[in-house]
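Peer 1: I have a structure I would like to understand better, so I am pasting it below and will then ask my questions one at a time.
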Amino acid sequence: MGEHEARGWIRSDETAKQMLSRVLGDRAFLLLPPLHRVPLRAGNVVEITGSSPTAKTQILIQAAITCILPKTWNGVHYGGLEKLVLFLDLDCRFDVLRLSDMLKNRLLEAYRIGNGAWWQLEESNVKTQDKSKIVYDEELYVSCMKRFLYLRCYDSLELLSTLKVLFYTLHYRIRLQEACGSQVGVLMIDSIGAFHWTDRLSSSLALDKNNRKSLSLTNVVETIVQEMKKLMQVHSLVVIATKATIYEEKYPTNENNRNISSHSDLFGNPSSKAQQPPFREFMPSSWQAFVTHKIFIRKSDDHHKSLGQQNLSAYLLEWLQPQLSSIDRFIVDDVSKLSHLQVLL
């Protein structure tokens, strides 16, 4: 970094009045199904829990695309939020090509709806095997991808250092990128419990008392939560984190049985879901207190048949906090698109 760039980084980005108007002026927003039940606003922390695989990362990608897309572009409605997304990959299995393909599909779908007559004519002139080559708006695609910041961490200490660096440099990084939006929208973490067992092992191997305190699982998670809170004070953002279950309680996954269980929980057993989640919690209390919204996803015993007569896995999504009576059923089709099928009451 040269002297000029260093001075630009040190120089203040905004006044206190500008920061307060930015942080306090954000409105609540809704994401696409299946995360459409509860409006989210800056300061909310959403935890999506489920066994592997239950399409948790897929939900993050779809939510990220909604954030980085604009609301409108050249007269076409895309329904996006035009905000920046920070994606912290702790699972180290994120596929950027899947993000790219899903974004292109959303662009083509919105463009087809906005230009129905022209699209049907254009599509009829393209061979079936070449339909994937139908041109999308390249400028819009690049603009959206610039709003997606991807970071990969391999352990808790690297995650902690990344959050510290973001606190001091994020505003400068936003200014360096063209057309990337004026503020951060969502901080996504996939998955927050990825380092649980290595942190537990590290704390058990630390023989010195002082080192034991610095390496303890509880202490590390508390520090991570503190850094996230500092970041959220400066940048108005929503945190969405996935978490894989270690032990899962036996829960009926068939829709009819699940409905009966849900109704008995709501009317016959007042102590059920809110106090006893359908999985064993392993994250420290500091993280649990940090979370404001909880979602639980499980596989359904029922399958959905696509147009090609292919059986696709169906999933059930349930809001545990705030506790809602409705349960959403969705699938992931062959183009990695989440399809919201129905609401189970």
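Convention: chains lettered A, B, ... in structure tokens order; per-chain residue numbering from 1; ligands numbered from 1 as shown.
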Which residues, written as a list in words, have at least one atom at most 9 Å from Leu140 in chain A, with only C-alpha atoms counted and residues fewer than 5 positions away on the same chain left out?

Peer 2: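 Selected residues are Leu69, Pro70, Trp73, Leu107 and Met145 of chain A.
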
Peer 1: Identify, on the basis of only C-alpha atoms, every residue whose closest approach to range 147-151 of chain A does not exceed 6 Å; exclude the query and any residue fewer than 3 positions from it along the same chain; express the result as a PyMOL selection string.

Peer 2: chain A and resi 68+84-88+144+180

Peer 1: If we count only C-alpha atoms, what is near Thr292 in chain A at a cut-off of 8 Å, once residues fewer than 6 positions away on the same chain are taken out, given as a list in words?

Peer 2: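 Surrounding residues, per the criterion: Asn44, Val45, Val46 and Gln321 of chain A.
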
Peer 1: How about saving the chosen residues, all heavy atoms kept, as an mmCIF file, in the first residue's frame?

Peer 2:
data_model
loop_
_atom_site.group_PDB
_atom_site.id
_atom_site.type_symbol
_atom_site.label_atom_id
_atom_site.label_comp_id
_atom_site.auth_asym_id
_atom_site.auth_seq_id
_atom_site.Cartn_x
_atom_site.Cartn_y
_atom_site.Cartn_z
ATOM 1 N N ASN A 44 -30.432 -8.097 13.534
ATOM 2 C CA ASN A 44 -30.955 -9.455 13.698
ATOM 3 C C ASN A 44 -29.871 -10.486 13.398
ATOM 4 O O ASN A 44 -29.043 -10.295 12.499
ATOM 5 C CB ASN A 44 -32.146 -9.702 12.775
ATOM 6 C CG ASN A 44 -33.378 -8.921 13.185
ATOM 7 O OD1 ASN A 44 -34.252 -8.645 12.372
ATOM 8 N ND2 ASN A 44 -33.480 -8.545 14.453
ATOM 9 N N VAL A 45 -29.889 -11.585 14.155
ATOM 10 C CA VAL A 45 -28.961 -12.698 13.961
ATOM 11 C C VAL A 45 -29.798 -13.957 13.757
ATOM 12 O O VAL A 45 -30.470 -14.415 14.677
ATOM 13 C CB VAL A 45 -28.006 -12.875 15.157
ATOM 14 C CG1 VAL A 45 -27.047 -14.032 14.902
ATOM 15 C CG2 VAL A 45 -27.239 -11.585 15.411
ATOM 16 N N VAL A 46 -29.768 -14.500 12.547
ATOM 17 C CA VAL A 46 -30.588 -15.651 12.187
ATOM 18 C C VAL A 46 -29.704 -16.898 12.159
ATOM 19 O O VAL A 46 -28.674 -16.921 11.477
ATOM 20 C CB VAL A 46 -31.267 -15.461 10.819
ATOM 21 C CG1 VAL A 46 -32.171 -16.642 10.501
ATOM 22 C CG2 VAL A 46 -32.037 -14.152 10.787
ATOM 23 N N GLN A 321 -37.827 -19.538 16.610
ATOM 24 C CA GLN A 321 -37.755 -18.254 17.313
ATOM 25 C C GLN A 321 -37.703 -17.129 16.287
ATOM 26 O O GLN A 321 -36.692 -16.991 15.583
ATOM 27 C CB GLN A 321 -36.507 -18.204 18.207
ATOM 28 C CG GLN A 321 -36.367 -16.933 19.024
ATOM 29 C CD GLN A 321 -35.108 -16.938 19.884
ATOM 30 O OE1 GLN A 321 -34.612 -17.990 20.266
ATOM 31 N NE2 GLN A 321 -34.581 -15.772 20.168
#

Peer 1: Given only C-alpha atoms as the basis, pick out the residue of A:Gln226, A:Asn311, A:Thr54, A:Ser236 nearest to Phe290 in chain A.

Peer 2: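 The shortest atom-to-atom distance to Phe290 in chain A comes from A:Gln226.
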
Peer 1: What is the CA of Leu103 in chain A-CA of Thr66 in chain A distance in Å, reported with one decimal?

Peer 2: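 Separating CA of Leu103 in chain A from CA of Thr66 in chain A is a distance of 9.1 Å.
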
Peer 1: Quick check, in Å to one decimal: how far apart do CA of Tyr168 in chain A and CA of Cys67 in chain A lie?

Peer 2: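 CA of Cys67 in chain A lies at a distance of 23.1 Å from CA of Tyr168 in chain A.
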
Peer 1: Would you mind listing what lies within 12 Å of Thr245 in chain A as a PyMOL selection string, with only C-alpha atoms counted and same-chain residues fewer than 5 positions away left out?

Peer 2: chain A and resi 47-54+56+191-194+196+277-283+296-298

Peer 1: Find, counting only C-alpha atoms, the residue in A:Phe330, A:Tyr111, A:Tyr172, A:Tyr154 that gets nearest to Leu35 in chain A.

Peer 2: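 Comparing A:Phe330, A:Tyr111, A:Tyr172, A:Tyr154 against Leu35 in chain A, the winner is A:Phe330.
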
Peer 1: Using only C-alpha atoms, can you tell me which of A:His36, A:His293, A:Arg41, A:Lys71 comes closest to Gly185 in chain A?

Peer 2: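 Distance minimum relative to Gly185 in chain A lands on A:Arg41.
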
Peer 1: Would you compute the distance between CA of Glu318 in chain A and CA of Asp91 in chain A? Give it in Å to one decimal.

Peer 2: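 CA of Glu318 in chain A sits 23.4 Å away from CA of Asp91 in chain A.
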
Peer 1: DSSP on the backbone: what in range 48-118 of chain A comes out strand (DSSP E), as a list in words?

Peer 2: Ile48, Thr49, Gly50, Thr72, Trp73, Val76, His77, Leu84, Val85, Leu86, Phe87, Leu88 and Asp89 of chain A

Peer 1: Give me the residues within 12 Å of range 161-163 of chain A as a ChimeraX atom specification, counting only C-alpha atoms and dropping any in the same chain fewer than 4 places off.

Peer 2: /A:86-90,150-157,167-170,187,189,220,223-232

Peer 1: Quick one: everything within 9 Å of Ala110 in chain A, counting only C-alpha atoms, minus sequence neighbours fewer than 2 positions away in the same chain. Send it as a list in words.

Peer 2: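 The residues that qualify are Val76, His77, Tyr78, Gly79, Asn105, Arg106, Leu107, Leu108, Arg112, Ile113, Gly114 and Asn115 of chain A.
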
Peer 1: With N, CA, C and O atoms kept, could you save the residues just selected as a PDB file, in the first residue's frame?

Peer 2:
ATOM      1  N   VAL A  76     -36.240  -3.424 -16.119  1.00  0.00           N
ATOM      2  CA  VAL A  76     -36.617  -4.796 -15.758  1.00  0.00           C
ATOM      3  C   VAL A  76     -36.600  -4.920 -14.242  1.00  0.00           C
ATOM      4  O   VAL A  76     -35.651  -4.482 -13.580  1.00  0.00           O
ATOM      5  N   HIS A  77     -37.641  -5.524 -13.682  1.00  0.00           N
ATOM      6  CA  HIS A  77     -37.751  -5.681 -12.234  1.00  0.00           C
ATOM      7  C   HIS A  77     -37.045  -6.960 -11.795  1.00  0.00           C
ATOM      8  O   HIS A  77     -37.374  -8.055 -12.266  1.00  0.00           O
ATOM      9  N   TYR A  78     -36.061  -6.822 -10.879  1.00  0.00           N
ATOM     10  CA  TYR A  78     -35.335  -7.974 -10.352  1.00  0.00           C
ATOM     11  C   TYR A  78     -35.654  -8.231  -8.875  1.00  0.00           C
ATOM     12  O   TYR A  78     -35.360  -9.302  -8.367  1.00  0.00           O
ATOM     13  N   GLY A  79     -36.222  -7.251  -8.187  1.00  0.00           N
ATOM     14  CA  GLY A  79     -36.654  -7.442  -6.813  1.00  0.00           C
ATOM     15  C   GLY A  79     -35.558  -7.617  -5.796  1.00  0.00           C
ATOM     16  O   GLY A  79     -35.785  -8.184  -4.725  1.00  0.00           O
ATOM     17  N   ASN A 105     -29.296 -17.666 -13.690  1.00  0.00           N
ATOM     18  CA  ASN A 105     -30.675 -18.150 -13.835  1.00  0.00           C
ATOM     19  C   ASN A 105     -31.684 -17.094 -13.382  1.00  0.00           C
ATOM     20  O   ASN A 105     -32.733 -16.903 -14.003  1.00  0.00           O
ATOM     21  N   ARG A 106     -31.363 -16.406 -12.266  1.00  0.00           N
ATOM     22  CA  ARG A 106     -32.257 -15.351 -11.778  1.00  0.00           C
ATOM     23  C   ARG A 106     -32.327 -14.193 -12.778  1.00  0.00           C
ATOM     24  O   ARG A 106     -33.404 -13.620 -13.011  1.00  0.00           O
ATOM     25  N   LEU A 107     -31.188 -13.843 -13.367  1.00  0.00           N
ATOM     26  CA  LEU A 107     -31.165 -12.762 -14.348  1.00  0.00           C
ATOM     27  C   LEU A 107     -32.008 -13.121 -15.576  1.00  0.00           C
ATOM     28  O   LEU A 107     -32.804 -12.308 -16.067  1.00  0.00           O
ATOM     29  N   LEU A 108     -31.833 -14.341 -16.057  1.00  0.00           N
ATOM     30  CA  LEU A 108     -32.587 -14.772 -17.240  1.00  0.00           C
ATOM     31  C   LEU A 108     -34.079 -14.875 -16.940  1.00  0.00           C
ATOM     32  O   LEU A 108     -34.914 -14.516 -17.772  1.00  0.00           O
ATOM     33  N   ARG A 112     -36.871 -12.699 -18.762  1.00  0.00           N
ATOM     34  CA  ARG A 112     -37.914 -13.369 -19.525  1.00  0.00           C
ATOM     35  C   ARG A 112     -39.288 -12.849 -19.139  1.00  0.00           C
ATOM     36  O   ARG A 112     -40.146 -12.609 -19.988  1.00  0.00           O
ATOM     37  N   ILE A 113     -39.497 -12.655 -17.825  1.00  0.00           N
ATOM     38  CA  ILE A 113     -40.787 -12.142 -17.350  1.00  0.00           C
ATOM     39  C   ILE A 113     -40.997 -10.705 -17.828  1.00  0.00           C
ATOM     40  O   ILE A 113     -42.102 -10.312 -18.229  1.00  0.00           O
ATOM     41  N   GLY A 114     -39.936  -9.898 -17.804  1.00  0.00           N
ATOM     42  CA  GLY A 114     -40.057  -8.493 -18.205  1.00  0.00           C
ATOM     43  C   GLY A 114     -40.152  -8.295 -19.700  1.00  0.00           C
ATOM     44  O   GLY A 114     -40.568  -7.235 -20.171  1.00  0.00           O
ATOM     45  N   ASN A 115     -39.745  -9.310 -20.492  1.00  0.00           N
ATOM     46  CA  ASN A 115     -39.784  -9.197 -21.946  1.00  0.00           C
ATOM     47  C   ASN A 115     -40.416 -10.459 -22.535  1.00  0.00           C
ATOM     48  O   ASN A 115     -39.806 -11.168 -23.336  1.00  0.00           O
TER      49      ASN A 115
END

Peer 1: Using only C-alpha atoms, can you tell me which of A:Glu82, A:Gly75, A:Val38, A:Asp137 comes closest to Lys104 in chain A?

Peer 2: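 Under the stated criterion, the closest residue is A:Asp137.
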